[in-house]
$ cat structure_1.txt   # compact mmCIF, C-alpha atoms
# COMPACT_ATOMS: atom_id res chain seq x y z
CA MET D 1 0.66 25.34 28.83
CA LEU D 2 -0.89 28.51 27.36
CA ILE D 3 -1.28 26.90 23.95
CA ASN D 4 -3.03 23.89 25.47
CA TYR D 5 -5.35 26.19 27.42
CA ILE D 6 -6.25 28.15 24.28
CA LYS D 7 -6.93 24.90 22.39
CA SER D 8 -9.17 23.74 25.24
CA VAL D 9 -11.16 26.99 25.18
CA ILE D 10 -11.59 26.86 21.40
CA TYR D 11 -12.71 23.22 21.59
CA SER D 12 -15.28 24.09 24.28
CA LEU D 13 -16.66 26.97 22.20
CA LEU D 14 -16.96 24.78 19.11
CA LYS D 15 -18.75 22.12 21.14
CA PHE D 16 -21.10 24.61 22.81
CA THR D 17 -22.05 26.33 19.53
CA LYS D 18 -22.67 23.00 17.73
CA ILE D 19 -19.96 23.89 15.21
CA LEU D 20 -17.74 21.01 16.32
CA PRO D 21 -19.17 18.39 13.88
CA PHE D 22 -18.49 20.71 10.94
CA PHE D 23 -15.01 21.52 12.23
CA ASN D 24 -14.26 17.79 12.62
CA ALA D 25 -15.55 17.07 9.11
CA LEU D 26 -13.28 19.76 7.64
CA SER D 27 -10.33 18.40 9.65
CA VAL D 28 -10.92 14.89 8.33
CA MET D 29 -11.24 16.18 4.77
CA LYS D 30 -8.00 18.14 5.15
CA ILE D 31 -6.11 15.04 6.35
CA LEU D 32 -7.43 12.85 3.53
CA GLU D 33 -7.42 15.31 0.65
CA ILE D 34 -4.30 17.33 1.44
CA ASP D 35 -2.07 15.43 3.88
CA PHE D 36 -2.50 12.03 2.23
CA GLY D 37 -2.61 13.56 -1.25
CA HIS D 38 -6.03 12.21 -2.24
CA PHE D 39 -6.93 15.43 -4.07
CA LEU D 40 -3.68 15.38 -6.06
CA SER D 41 -4.21 11.72 -6.95
CA SER D 42 -7.69 12.52 -8.23
CA TYR D 43 -6.44 15.56 -10.14
CA HIS D 44 -3.52 13.76 -11.82
CA LEU D 45 -5.45 10.46 -12.18
CA LYS D 46 -2.66 8.39 -10.62
CA PRO D 47 -1.68 7.32 -7.09
CA ILE D 48 0.70 9.88 -5.60
CA ASN D 49 1.26 11.42 -2.18
CA ASN D 50 1.16 15.09 -1.27
CA LYS D 51 4.77 15.44 -2.51
CA LEU D 52 3.79 14.10 -5.96
CA GLU D 53 5.75 10.90 -5.27
CA ALA D 54 4.52 7.58 -6.67
CA ILE D 55 2.71 5.29 -4.24
CA PRO D 56 0.83 1.99 -4.68
CA TRP D 57 -2.87 2.11 -5.44
CA PHE D 58 -3.53 0.50 -2.04
CA THR D 59 -5.58 1.73 0.89
CA TYR D 60 -3.89 4.49 2.88
CA PRO D 61 -3.65 2.43 6.10
CA SER D 62 -1.70 -0.27 4.23
CA ILE D 63 0.63 2.33 2.70
CA GLU D 64 1.27 3.79 6.16
CA TYR D 65 2.25 0.31 7.35
CA LEU D 66 4.56 -0.24 4.38
CA ASN D 67 6.20 3.15 4.83
CA ALA D 68 7.32 2.06 8.29
CA MET D 69 9.04 -1.08 6.99
CA ASP D 70 12.69 -1.39 6.02
CA LEU D 71 12.57 -3.13 2.62
CA SER D 72 16.07 -2.14 1.54
CA GLN D 73 17.34 -5.74 1.51
CA LYS D 74 14.13 -7.35 0.27
CA SER D 75 13.16 -8.84 -3.09
CA VAL D 76 9.78 -8.04 -4.64
CA PHE D 77 7.69 -9.70 -7.34
CA GLU D 78 4.67 -7.82 -8.61
CA TYR D 79 1.72 -9.00 -10.69
CA GLY D 80 0.42 -5.77 -12.27
CA SER D 81 2.57 -2.69 -12.72
CA GLY D 82 2.16 1.06 -12.28
CA ASN D 83 3.16 3.74 -9.81
CA SER D 84 3.54 0.94 -7.30
CA THR D 85 6.45 -0.41 -9.35
CA ILE D 86 8.21 2.93 -9.06
CA TYR D 87 7.53 2.86 -5.31
CA TRP D 88 8.98 -0.65 -4.88
CA THR D 89 12.03 0.21 -6.97
CA LYS D 90 12.89 3.02 -4.57
CA ARG D 91 12.27 0.89 -1.47
CA ALA D 92 13.48 -2.66 -2.24
CA LYS D 93 16.78 -4.29 -3.17
CA TYR D 94 15.44 -5.63 -6.46
CA VAL D 95 12.06 -5.75 -8.16
CA THR D 96 10.51 -7.96 -10.83
CA SER D 97 7.18 -6.87 -12.27
CA VAL D 98 4.94 -8.45 -14.90
CA GLU D 99 2.38 -6.62 -17.01
CA SER D 100 -0.23 -7.90 -19.49
CA ASN D 101 -1.20 -4.65 -21.24
CA LYS D 102 1.24 -3.65 -24.01
CA ASN D 103 0.33 0.06 -24.06
CA TRP D 104 0.60 0.36 -20.29
CA TYR D 105 3.86 -1.61 -20.35
CA ASP D 106 5.38 0.81 -22.88
CA TYR D 107 4.35 3.79 -20.75
CA ILE D 108 5.63 2.47 -17.41
CA LYS D 109 8.85 1.07 -18.87
CA GLY D 110 10.17 4.56 -19.54
CA LEU D 111 9.72 5.50 -15.86
CA LEU D 112 11.55 2.55 -14.33
CA LYS D 113 15.10 1.97 -13.16
CA ARG D 114 16.69 -1.13 -11.61
CA THR D 115 13.61 -3.20 -12.37
CA ARG D 116 13.19 -6.41 -14.30
CA TYR D 117 10.04 -5.61 -16.23
CA ILE D 118 8.24 -8.37 -18.11
CA LEU D 119 5.47 -8.17 -20.72
CA GLU D 120 3.25 -11.27 -20.92
CA THR D 121 0.05 -10.90 -22.93
CA ASN D 122 -0.72 -14.63 -22.82
CA LYS D 123 -2.78 -15.62 -19.77
CA GLN D 124 -0.81 -18.71 -18.76
CA ASN D 125 2.54 -17.05 -19.37
CA TYR D 126 1.45 -14.14 -17.21
CA ILE D 127 0.29 -16.38 -14.35
CA ASN D 128 3.45 -18.50 -14.50
CA SER D 129 5.89 -15.62 -15.02
CA ILE D 130 7.11 -15.91 -11.43
CA LYS D 131 8.20 -19.50 -12.16
CA LYS D 132 10.49 -18.31 -14.94
CA THR D 133 12.51 -16.17 -12.52
CA GLY D 134 13.77 -19.30 -10.78
CA LYS D 135 13.70 -17.41 -7.47
CA LYS D 136 11.69 -17.00 -4.32
CA PHE D 137 10.71 -13.54 -3.07
CA ASP D 138 10.34 -11.75 0.26
CA LEU D 139 7.27 -9.90 -0.94
CA ILE D 140 4.81 -10.83 -3.68
CA ILE D 141 2.09 -8.41 -4.79
CA VAL D 142 -1.02 -9.72 -6.56
CA ASP D 143 -2.66 -6.63 -8.03
CA GLY D 144 -3.15 -7.34 -11.73
CA ASP D 145 -5.06 -9.77 -13.92
CA TYR D 146 -6.12 -13.34 -13.04
CA ARG D 147 -5.68 -12.87 -9.30
CA ASP D 148 -7.43 -16.10 -8.30
CA GLU D 149 -4.99 -18.05 -10.47
CA CYS D 150 -1.91 -15.99 -9.59
CA VAL D 151 -2.13 -16.53 -5.83
CA LYS D 152 -2.06 -20.30 -6.33
CA VAL D 153 1.28 -20.04 -8.12
CA ALA D 154 2.72 -17.18 -6.08
CA ILE D 155 2.48 -18.97 -2.74
CA ASN D 156 5.06 -21.51 -3.93
CA TYR D 157 7.61 -18.75 -4.53
CA LEU D 158 7.30 -16.94 -1.21
CA LYS D 159 10.35 -17.00 1.05
CA ASN D 160 10.14 -18.00 4.68
CA GLY D 161 9.51 -14.84 6.68
CA GLY D 162 7.91 -13.07 3.73
CA PHE D 163 4.38 -11.98 2.87
CA ILE D 164 1.89 -11.58 0.04
CA ILE D 165 -0.17 -8.47 -0.64
CA LEU D 166 -3.56 -8.98 -2.28
CA ASP D 167 -5.21 -5.72 -3.23
CA ASN D 168 -9.00 -5.45 -3.39
CA SER D 169 -9.24 -8.60 -1.29
CA ASP D 170 -12.88 -7.71 -0.61
CA TRP D 171 -13.51 -8.32 -4.32
CA PHE D 172 -11.36 -11.47 -4.54
CA GLN D 173 -12.63 -13.53 -1.64
CA LYS D 174 -11.66 -16.84 -3.27
CA SER D 175 -8.05 -15.68 -3.39
CA SER D 176 -8.20 -14.48 0.19
CA LYS D 177 -9.65 -17.78 1.39
CA PHE D 178 -7.00 -19.75 -0.50
CA LEU D 179 -4.17 -17.83 1.18
CA THR D 180 -5.58 -18.15 4.69
CA ASN D 181 -6.26 -21.85 4.12
CA ASN D 182 -2.54 -22.21 3.35
CA ASN D 183 -1.50 -21.17 6.84
CA LEU D 184 -0.86 -17.49 6.15
CA ILE D 185 -1.91 -14.84 8.66
CA GLU D 186 -4.37 -12.35 7.17
CA ILE D 187 -4.22 -8.65 8.08
CA ASN D 188 -6.84 -6.41 6.45
CA PHE D 189 -6.35 -2.69 5.86
CA ASN D 190 -9.71 -1.15 5.00
CA GLY D 191 -10.09 2.49 4.02
CA PHE D 192 -9.82 5.03 1.24
CA ALA D 193 -7.25 4.66 -1.52
CA PRO D 194 -5.73 7.29 -3.84
CA SER D 195 -8.34 9.00 -6.08
CA ASN D 196 -11.13 6.53 -5.15
CA HIS D 197 -14.42 7.86 -3.76
CA TYR D 198 -15.18 4.60 -1.93
CA THR D 199 -13.41 2.38 0.61
CA SER D 200 -11.73 -0.91 -0.26
CA THR D 201 -9.45 -3.48 1.36
CA THR D 202 -5.77 -4.23 0.87
CA SER D 203 -4.74 -7.41 2.68
CA PHE D 204 -1.37 -8.72 3.81
CA TYR D 205 -0.82 -12.47 4.21
CA LEU D 206 2.13 -13.17 6.49
CA THR D 207 4.12 -16.35 6.84
CA ARG D 208 4.19 -17.72 10.37
CA ASP D 209 7.84 -16.67 10.81
CA PHE D 210 7.26 -13.15 9.47
CA VAL D 211 9.85 -10.69 10.84
CA TYR D 212 10.67 -7.29 9.36
CA LYS D 213 12.83 -4.43 10.53
CA ARG D 214 11.18 -1.09 11.08
CA LEU D 215 12.73 2.04 9.68
CA ASN D 216 14.62 4.34 12.02
CA LYS D 217 12.03 6.20 14.09
CA ASN D 218 13.55 9.50 13.01
CA LYS D 219 12.56 8.69 9.43
CA LEU D 220 8.98 7.76 10.25
CA THR D 221 6.00 10.05 9.86
CA HIS D 222 2.36 9.40 10.67
CA ILE D 223 -0.05 11.38 8.55
CA GLY D 224 -2.86 13.10 10.41
CA GLY D 225 -1.69 12.11 13.89
CA ILE D 226 -1.70 14.34 16.94
CA THR D 227 1.24 14.26 19.33
CA PRO D 228 -0.12 13.49 22.84
CA ASN D 229 0.65 15.63 25.85
CA VAL D 230 3.12 13.22 27.44
CA SER D 231 3.24 15.19 30.69
CA LYS D 232 -0.40 14.26 31.37
CA MET D 233 -0.05 10.58 30.53
$ encode --input "structure_1.txt" --output "structure tokens"
Amino acid sequence: MLINYIKSVIYSLLKFTKILPFFNALSVMKILEIDFGHFLSSYHLKPINNKLEAIPWFTYPSIEYLNAMDLSQKSVFEYGSGNSTIYWTKRAKYVTSVESNKNWYDYIKGLLKRTRYILETNKQNYINSIKKTGKKFDLIIVDGDYRDECVKVAINYLKNGGFIILDNSDWFQKSSKFLTNNNLIEINFNGFAPSNHYTSTTSFYLTRDFVYKRLNKNKLTHIGGITPNVSKM
């Protein structure tokens, strides 16, 4: 009770002295730059969290959503590789990723374990690489080259109950429209992403029978949240 009273007094003083907007701005900056790891991502020029762990180059709201999902028994196919591939490898049962850039492929390959990693420098081979697996996937990420073409192939290899992630969907509106026109449910996560100084959109496209387990609540964390005073609710 005493702590809550002290917080209330401090808040009132900040509000009365017109310092509150500056305090709020610093609090927001602290959450984004330190808690989410935006500063570290900018410093190291790669998407990482505040523990220096690899994360996808998606918007932070979408990463928060993914972090709450149990993907341990799920299969993943990824157009476009990077730190996200390392992230999926640690979270999913098995991962297949395709890359078109030879230099980037050579760099990422040395960081991966338990991943089928494919190099396809030819455009059509890259787009159709998912066909060659002979499988369908629980999760398909379209975050590399030729996105408008890739989504048209990817949708045929999505399992019932699965979903597609299209990053930068605000830039690829043709791809977004194609997926929604094919009876997928669109969920947009707009916000800041690692190291970027602007907002963007990462979109999830869910099948109509989409069902995923959540991780054990004891393993979940919500960055920047404030625990409510349950006794007053």
$ closest_atom_pairs --input "structure_1.txt" --of "range 140-211 of chain D" --to "range 30-53 of chain D" --cutoff "12 Å" --atoms "only C-alpha atoms" --output "Markdown table"
| residue | atom | partner | partner_atom | distance |
| --- | --- | --- | --- | --- |
| D:Gly191 | CA | D:Leu32 | CA | 10.7 |
| D:Phe192 | CA | D:Leu32 | CA | 8.5 |
| D:Ala193 | CA | D:His38 | CA | 7.7 |
| D:Pro194 | CA | D:His38 | CA | 5.2 |
| D:Ser195 | CA | D:Ser42 | CA | 4.2 |
| D:Asn196 | CA | D:Ser42 | CA | 7.6 |
| D:His197 | CA | D:Ser42 | CA | 9.3 |
| D:Tyr198 | CA | D:His38 | CA | 11.9 |
$ atom_distance --input "structure_1.txt" --atom1 "CA of Ile140 in chain D" --atom2 "CA of Tyr60 in chain D"
18.8 Å
$ residues_near_point --input "structure_1.txt" --point "(12.9, -13.5, -8.7)" --cutoff "8 Å" --atoms "all atoms listed in the file" --output "compact mmCIF listing (two decimals) with C-alpha atoms, in the frame of the given file"
# COMPACT_ATOMS: atom_id res chain seq x y z
CA SER D 75 13.16 -8.84 -3.09
CA VAL D 76 9.78 -8.04 -4.64
CA PHE D 77 7.69 -9.70 -7.34
CA VAL D 95 12.06 -5.75 -8.16
CA THR D 96 10.51 -7.96 -10.83
CA ILE D 130 7.11 -15.91 -11.43
CA THR D 133 12.51 -16.17 -12.52
CA GLY D 134 13.77 -19.30 -10.78
CA LYS D 135 13.70 -17.41 -7.47
CA LYS D 136 11.69 -17.00 -4.32
CA PHE D 137 10.71 -13.54 -3.07
$ closest_residue --input "structure_1.txt" --among "D:Leu215, D:Ile185, D:Leu111, D:Ile63" --to "Gly161 in chain D" --atoms "only C-alpha atoms"
D:Ile185
$ atom_distance --input "structure_1.txt" --atom1 "CA of Asn128 in chain D" --atom2 "CA of Ser175 in chain D"
16.2 Å
$ atom_distance --input "structure_1.txt" --atom1 "CA of Tyr212 in chain D" --atom2 "CA of Tyr146 in chain D"
28.6 Å
$ residues_around --input "structure_1.txt" --residues "Ser203 in chain D" --least-positions-apart "4" --cutoff "8 Å" --atoms "all atoms listed in the file" --output "PDB file with C-alpha atoms, in the frame of the given file"
ATOM      1  CA  SER D  62      -1.700  -0.270   4.230  1.00  0.00           C
ATOM      2  CA  ILE D 165      -0.170  -8.470  -0.640  1.00  0.00           C
ATOM      3  CA  LEU D 166      -3.560  -8.980  -2.280  1.00  0.00           C
ATOM      4  CA  ASP D 167      -5.210  -5.720  -3.230  1.00  0.00           C
ATOM      5  CA  ASN D 168      -9.000  -5.450  -3.390  1.00  0.00           C
ATOM      6  CA  SER D 169      -9.240  -8.600  -1.290  1.00  0.00           C
ATOM      7  CA  GLU D 186      -4.370 -12.350   7.170  1.00  0.00           C
ATOM      8  CA  ILE D 187      -4.220  -8.650   8.080  1.00  0.00           C
ATOM      9  CA  ASN D 188      -6.840  -6.410   6.450  1.00  0.00           C
ATOM     10  CA  PHE D 189      -6.350  -2.690   5.860  1.00  0.00           C
TER      11      PHE D 189
END
$ residues_near_point --input "structure_1.txt" --point "(-2.9, -24.3, 3.7)" --cutoff "12 Å" --atoms "all atoms listed in the file" --output "list in words"
Lys152, Ile155, Asn156, Ser176, Lys177, Phe178, Leu179, Thr180, Asn181, Asn182, Asn183, Leu184, Ile185, Thr207 and Arg208 of chain D
$ closest_residue --input "structure_1.txt" --among "D:Gln173, D:Ser100, D:Asn4, D:Gln124" --to "Cys150 in chain D" --atoms "all atoms listed in the file"
D:Gln124
$ residues_around --input "structure_1.txt" --residues "Leu71 in chain D" --least-positions-apart "3" --cutoff "10 Å" --atoms "all atoms listed in the file" --output "MDAnalysis selection string"
chainID D and resid 66:68 74:76 88 90:94 138:139 212:215
$ residues_around --input "structure_1.txt" --residues "Phe210 in chain D" --least-positions-apart "5" --cutoff "9 Å" --atoms "all atoms listed in the file" --output "list in words"
Asn160, Gly161, Gly162 and Phe163 of chain D
$ residues_around --input "structure_1.txt" --residues "Tyr126 in chain D" --least-positions-apart "6" --cutoff "10 Å" --atoms "all atoms listed in the file" --output "list of chain:residue names"
D:Tyr79, D:Gly80, D:Val98, D:Glu99, D:Ser100, D:Ile118, D:Leu119, D:Glu120, D:Gly144, D:Asp145, D:Tyr146, D:Cys150
$ closest_residue --input "structure_1.txt" --among "D:Ile164, D:Met29, D:Ala154, D:Ile19" --to "Lys131 in chain D" --atoms "all atoms listed in the file"
D:Ala154
$ closest_residue --input "structure_1.txt" --among "D:Pro61, D:Ser84, D:Thr17, D:Leu26" --to "Asn190 in chain D" --atoms "all atoms listed in the file"
D:Pro61
$ decode --input "structure_1.txt" --residues "range 133-178 of chain D" --atoms "N, CA and C atoms" --output "PDB file, in the first residue's frame"
ATOM      1  N   THR D 133      10.328 -29.709 -51.726  1.00  0.00           N
ATOM      2  CA  THR D 133      10.354 -30.389 -50.428  1.00  0.00           C
ATOM      3  C   THR D 133       9.360 -31.544 -50.395  1.00  0.00           C
ATOM      4  N   GLY D 134       8.325 -31.448 -51.222  1.00  0.00           N
ATOM      5  CA  GLY D 134       7.306 -32.490 -51.233  1.00  0.00           C
ATOM      6  C   GLY D 134       6.471 -32.532 -49.964  1.00  0.00           C
ATOM      7  N   LYS D 135       6.459 -31.428 -49.213  1.00  0.00           N
ATOM      8  CA  LYS D 135       5.750 -31.391 -47.931  1.00  0.00           C
ATOM      9  C   LYS D 135       4.864 -30.156 -47.841  1.00  0.00           C
ATOM     10  N   LYS D 136       3.943 -30.212 -46.881  1.00  0.00           N
ATOM     11  CA  LYS D 136       3.204 -29.034 -46.474  1.00  0.00           C
ATOM     12  C   LYS D 136       3.699 -28.598 -45.101  1.00  0.00           C
ATOM     13  N   PHE D 137       3.517 -27.312 -44.781  1.00  0.00           N
ATOM     14  CA  PHE D 137       4.100 -26.752 -43.573  1.00  0.00           C
ATOM     15  C   PHE D 137       3.048 -26.070 -42.701  1.00  0.00           C
ATOM     16  N   ASP D 138       3.317 -26.076 -41.386  1.00  0.00           N
ATOM     17  CA  ASP D 138       2.437 -25.399 -40.438  1.00  0.00           C
ATOM     18  C   ASP D 138       2.578 -23.881 -40.524  1.00  0.00           C
ATOM     19  N   LEU D 139       3.779 -23.452 -40.817  1.00  0.00           N
ATOM     20  CA  LEU D 139       4.072 -22.021 -40.872  1.00  0.00           C
ATOM     21  C   LEU D 139       4.980 -21.744 -42.060  1.00  0.00           C
ATOM     22  N   ILE D 140       4.585 -20.777 -42.883  1.00  0.00           N
ATOM     23  CA  ILE D 140       5.396 -20.369 -44.033  1.00  0.00           C
ATOM     24  C   ILE D 140       5.666 -18.875 -43.908  1.00  0.00           C
ATOM     25  N   ILE D 141       6.941 -18.505 -43.972  1.00  0.00           N
ATOM     26  CA  ILE D 141       7.337 -17.100 -43.877  1.00  0.00           C
ATOM     27  C   ILE D 141       7.769 -16.609 -45.253  1.00  0.00           C
ATOM     28  N   VAL D 142       7.196 -15.514 -45.695  1.00  0.00           N
ATOM     29  CA  VAL D 142       7.575 -14.888 -46.963  1.00  0.00           C
ATOM     30  C   VAL D 142       8.249 -13.561 -46.622  1.00  0.00           C
ATOM     31  N   ASP D 143       9.584 -13.581 -46.630  1.00  0.00           N
ATOM     32  CA  ASP D 143      10.343 -12.417 -46.163  1.00  0.00           C
ATOM     33  C   ASP D 143      11.649 -12.276 -46.945  1.00  0.00           C
ATOM     34  N   GLY D 144      11.625 -12.713 -48.202  1.00  0.00           N
ATOM     35  CA  GLY D 144      12.824 -12.619 -49.026  1.00  0.00           C
ATOM     36  C   GLY D 144      12.509 -11.981 -50.361  1.00  0.00           C
ATOM     37  N   ASP D 145      13.113 -12.498 -51.416  1.00  0.00           N
ATOM     38  CA  ASP D 145      12.907 -11.961 -52.759  1.00  0.00           C
ATOM     39  C   ASP D 145      11.588 -12.457 -53.358  1.00  0.00           C
ATOM     40  N   TYR D 146      11.111 -11.743 -54.381  1.00  0.00           N
ATOM     41  CA  TYR D 146       9.970 -12.160 -55.209  1.00  0.00           C
ATOM     42  C   TYR D 146       8.731 -12.509 -54.371  1.00  0.00           C
ATOM     43  N   ARG D 147       8.388 -11.654 -53.439  1.00  0.00           N
ATOM     44  CA  ARG D 147       7.308 -11.996 -52.506  1.00  0.00           C
ATOM     45  C   ARG D 147       5.962 -12.154 -53.200  1.00  0.00           C
ATOM     46  N   ASP D 148       5.680 -11.311 -54.186  1.00  0.00           N
ATOM     47  CA  ASP D 148       4.396 -11.420 -54.881  1.00  0.00           C
ATOM     48  C   ASP D 148       4.246 -12.778 -55.562  1.00  0.00           C
ATOM     49  N   GLU D 149       5.332 -13.310 -56.084  1.00  0.00           N
ATOM     50  CA  GLU D 149       5.300 -14.616 -56.726  1.00  0.00           C
ATOM     51  C   GLU D 149       5.317 -15.754 -55.705  1.00  0.00           C
ATOM     52  N   CYS D 150       6.065 -15.562 -54.622  1.00  0.00           N
ATOM     53  CA  CYS D 150       6.217 -16.634 -53.626  1.00  0.00           C
ATOM     54  C   CYS D 150       4.907 -16.962 -52.912  1.00  0.00           C
ATOM     55  N   VAL D 151       4.109 -15.941 -52.610  1.00  0.00           N
ATOM     56  CA  VAL D 151       2.863 -16.220 -51.878  1.00  0.00           C
ATOM     57  C   VAL D 151       1.915 -17.086 -52.710  1.00  0.00           C
ATOM     58  N   LYS D 152       1.962 -16.928 -54.021  1.00  0.00           N
ATOM     59  CA  LYS D 152       1.064 -17.687 -54.888  1.00  0.00           C
ATOM     60  C   LYS D 152       1.415 -19.172 -54.902  1.00  0.00           C
ATOM     61  N   VAL D 153       2.674 -19.481 -54.681  1.00  0.00           N
ATOM     62  CA  VAL D 153       3.096 -20.882 -54.586  1.00  0.00           C
ATOM     63  C   VAL D 153       2.931 -21.387 -53.160  1.00  0.00           C
ATOM     64  N   ALA D 154       3.310 -20.561 -52.205  1.00  0.00           N
ATOM     65  CA  ALA D 154       3.322 -20.969 -50.794  1.00  0.00           C
ATOM     66  C   ALA D 154       1.953 -21.416 -50.299  1.00  0.00           C
ATOM     67  N   ILE D 155       0.910 -20.737 -50.731  1.00  0.00           N
ATOM     68  CA  ILE D 155      -0.431 -21.028 -50.211  1.00  0.00           C
ATOM     69  C   ILE D 155      -0.858 -22.470 -50.482  1.00  0.00           C
ATOM     70  N   ASN D 156      -0.287 -23.077 -51.522  1.00  0.00           N
ATOM     71  CA  ASN D 156      -0.622 -24.462 -51.863  1.00  0.00           C
ATOM     72  C   ASN D 156       0.092 -25.472 -50.973  1.00  0.00           C
ATOM     73  N   TYR D 157       1.033 -24.999 -50.168  1.00  0.00           N
ATOM     74  CA  TYR D 157       1.812 -25.900 -49.310  1.00  0.00           C
ATOM     75  C   TYR D 157       1.621 -25.587 -47.832  1.00  0.00           C
ATOM     76  N   LEU D 158       0.510 -24.942 -47.526  1.00  0.00           N
ATOM     77  CA  LEU D 158       0.174 -24.604 -46.145  1.00  0.00           C
ATOM     78  C   LEU D 158      -0.768 -25.660 -45.584  1.00  0.00           C
ATOM     79  N   LYS D 159      -0.425 -26.203 -44.428  1.00  0.00           N
ATOM     80  CA  LYS D 159      -1.269 -27.205 -43.786  1.00  0.00           C
ATOM     81  C   LYS D 159      -2.557 -26.584 -43.266  1.00  0.00           C
ATOM     82  N   ASN D 160      -3.579 -27.411 -43.138  1.00  0.00           N
ATOM     83  CA  ASN D 160      -4.785 -26.976 -42.444  1.00  0.00           C
ATOM     84  C   ASN D 160      -4.427 -26.608 -41.012  1.00  0.00           C
ATOM     85  N   GLY D 161      -4.940 -25.487 -40.540  1.00  0.00           N
ATOM     86  CA  GLY D 161      -4.621 -25.041 -39.187  1.00  0.00           C
ATOM     87  C   GLY D 161      -3.360 -24.210 -39.092  1.00  0.00           C
ATOM     88  N   GLY D 162      -2.687 -23.997 -40.216  1.00  0.00           N
ATOM     89  CA  GLY D 162      -1.433 -23.247 -40.203  1.00  0.00           C
ATOM     90  C   GLY D 162      -1.622 -21.776 -40.553  1.00  0.00           C
ATOM     91  N   PHE D 163      -0.503 -21.087 -40.783  1.00  0.00           N
ATOM     92  CA  PHE D 163      -0.576 -19.667 -41.150  1.00  0.00           C
ATOM     93  C   PHE D 163       0.659 -19.237 -41.908  1.00  0.00           C
ATOM     94  N   ILE D 164       0.510 -18.148 -42.631  1.00  0.00           N
ATOM     95  CA  ILE D 164       1.593 -17.535 -43.408  1.00  0.00           C
ATOM     96  C   ILE D 164       1.941 -16.198 -42.775  1.00  0.00           C
ATOM     97  N   ILE D 165       3.228 -15.904 -42.704  1.00  0.00           N
ATOM     98  CA  ILE D 165       3.679 -14.580 -42.267  1.00  0.00           C
ATOM     99  C   ILE D 165       4.258 -13.847 -43.475  1.00  0.00           C
ATOM    100  N   LEU D 166       3.727 -12.679 -43.744  1.00  0.00           N
ATOM    101  CA  LEU D 166       4.252 -11.800 -44.793  1.00  0.00           C
ATOM    102  C   LEU D 166       4.804 -10.560 -44.118  1.00  0.00           C
ATOM    103  N   ASP D 167       6.118 -10.397 -44.172  1.00  0.00           N
ATOM    104  CA  ASP D 167       6.705  -9.202 -43.562  1.00  0.00           C
ATOM    105  C   ASP D 167       6.644  -8.041 -44.543  1.00  0.00           C
ATOM    106  N   ASN D 168       6.600  -6.828 -43.978  1.00  0.00           N
ATOM    107  CA  ASN D 168       6.481  -5.612 -44.789  1.00  0.00           C
ATOM    108  C   ASN D 168       5.252  -5.679 -45.699  1.00  0.00           C
ATOM    109  N   SER D 169       4.162  -6.154 -45.143  1.00  0.00           N
ATOM    110  CA  SER D 169       2.930  -6.284 -45.933  1.00  0.00           C
ATOM    111  C   SER D 169       2.413  -4.930 -46.405  1.00  0.00           C
ATOM    112  N   ASP D 170       2.808  -3.861 -45.719  1.00  0.00           N
ATOM    113  CA  ASP D 170       2.422  -2.516 -46.159  1.00  0.00           C
ATOM    114  C   ASP D 170       3.124  -2.140 -47.456  1.00  0.00           C
ATOM    115  N   TRP D 171       4.240  -2.788 -47.747  1.00  0.00           N
ATOM    116  CA  TRP D 171       4.950  -2.557 -49.006  1.00  0.00           C
ATOM    117  C   TRP D 171       4.456  -3.501 -50.108  1.00  0.00           C
ATOM    118  N   PHE D 172       3.964  -4.677 -49.707  1.00  0.00           N
ATOM    119  CA  PHE D 172       3.571  -5.707 -50.671  1.00  0.00           C
ATOM    120  C   PHE D 172       2.058  -5.919 -50.606  1.00  0.00           C
ATOM    121  N   GLN D 173       1.334  -4.906 -51.030  1.00  0.00           N
ATOM    122  CA  GLN D 173      -0.119  -4.945 -50.911  1.00  0.00           C
ATOM    123  C   GLN D 173      -0.756  -5.934 -51.885  1.00  0.00           C
ATOM    124  N   LYS D 174      -0.116  -6.202 -53.014  1.00  0.00           N
ATOM    125  CA  LYS D 174      -0.627  -7.219 -53.937  1.00  0.00           C
ATOM    126  C   LYS D 174      -0.585  -8.595 -53.292  1.00  0.00           C
ATOM    127  N   SER D 175       0.505  -8.874 -52.587  1.00  0.00           N
ATOM    128  CA  SER D 175       0.631 -10.158 -51.896  1.00  0.00           C
ATOM    129  C   SER D 175      -0.407 -10.279 -50.800  1.00  0.00           C
ATOM    130  N   SER D 176      -0.584  -9.195 -50.053  1.00  0.00           N
ATOM    131  CA  SER D 176      -1.555  -9.193 -48.965  1.00  0.00           C
ATOM    132  C   SER D 176      -2.962  -9.436 -49.497  1.00  0.00           C
ATOM    133  N   LYS D 177      -3.312  -8.760 -50.576  1.00  0.00           N
ATOM    134  CA  LYS D 177      -4.639  -8.905 -51.164  1.00  0.00           C
ATOM    135  C   LYS D 177      -4.849 -10.320 -51.678  1.00  0.00           C
ATOM    136  N   PHE D 178      -3.822 -10.908 -52.279  1.00  0.00           N
ATOM    137  CA  PHE D 178      -3.927 -12.279 -52.781  1.00  0.00           C
ATOM    138  C   PHE D 178      -4.248 -13.251 -51.651  1.00  0.00           C
TER     139      PHE D 178
END
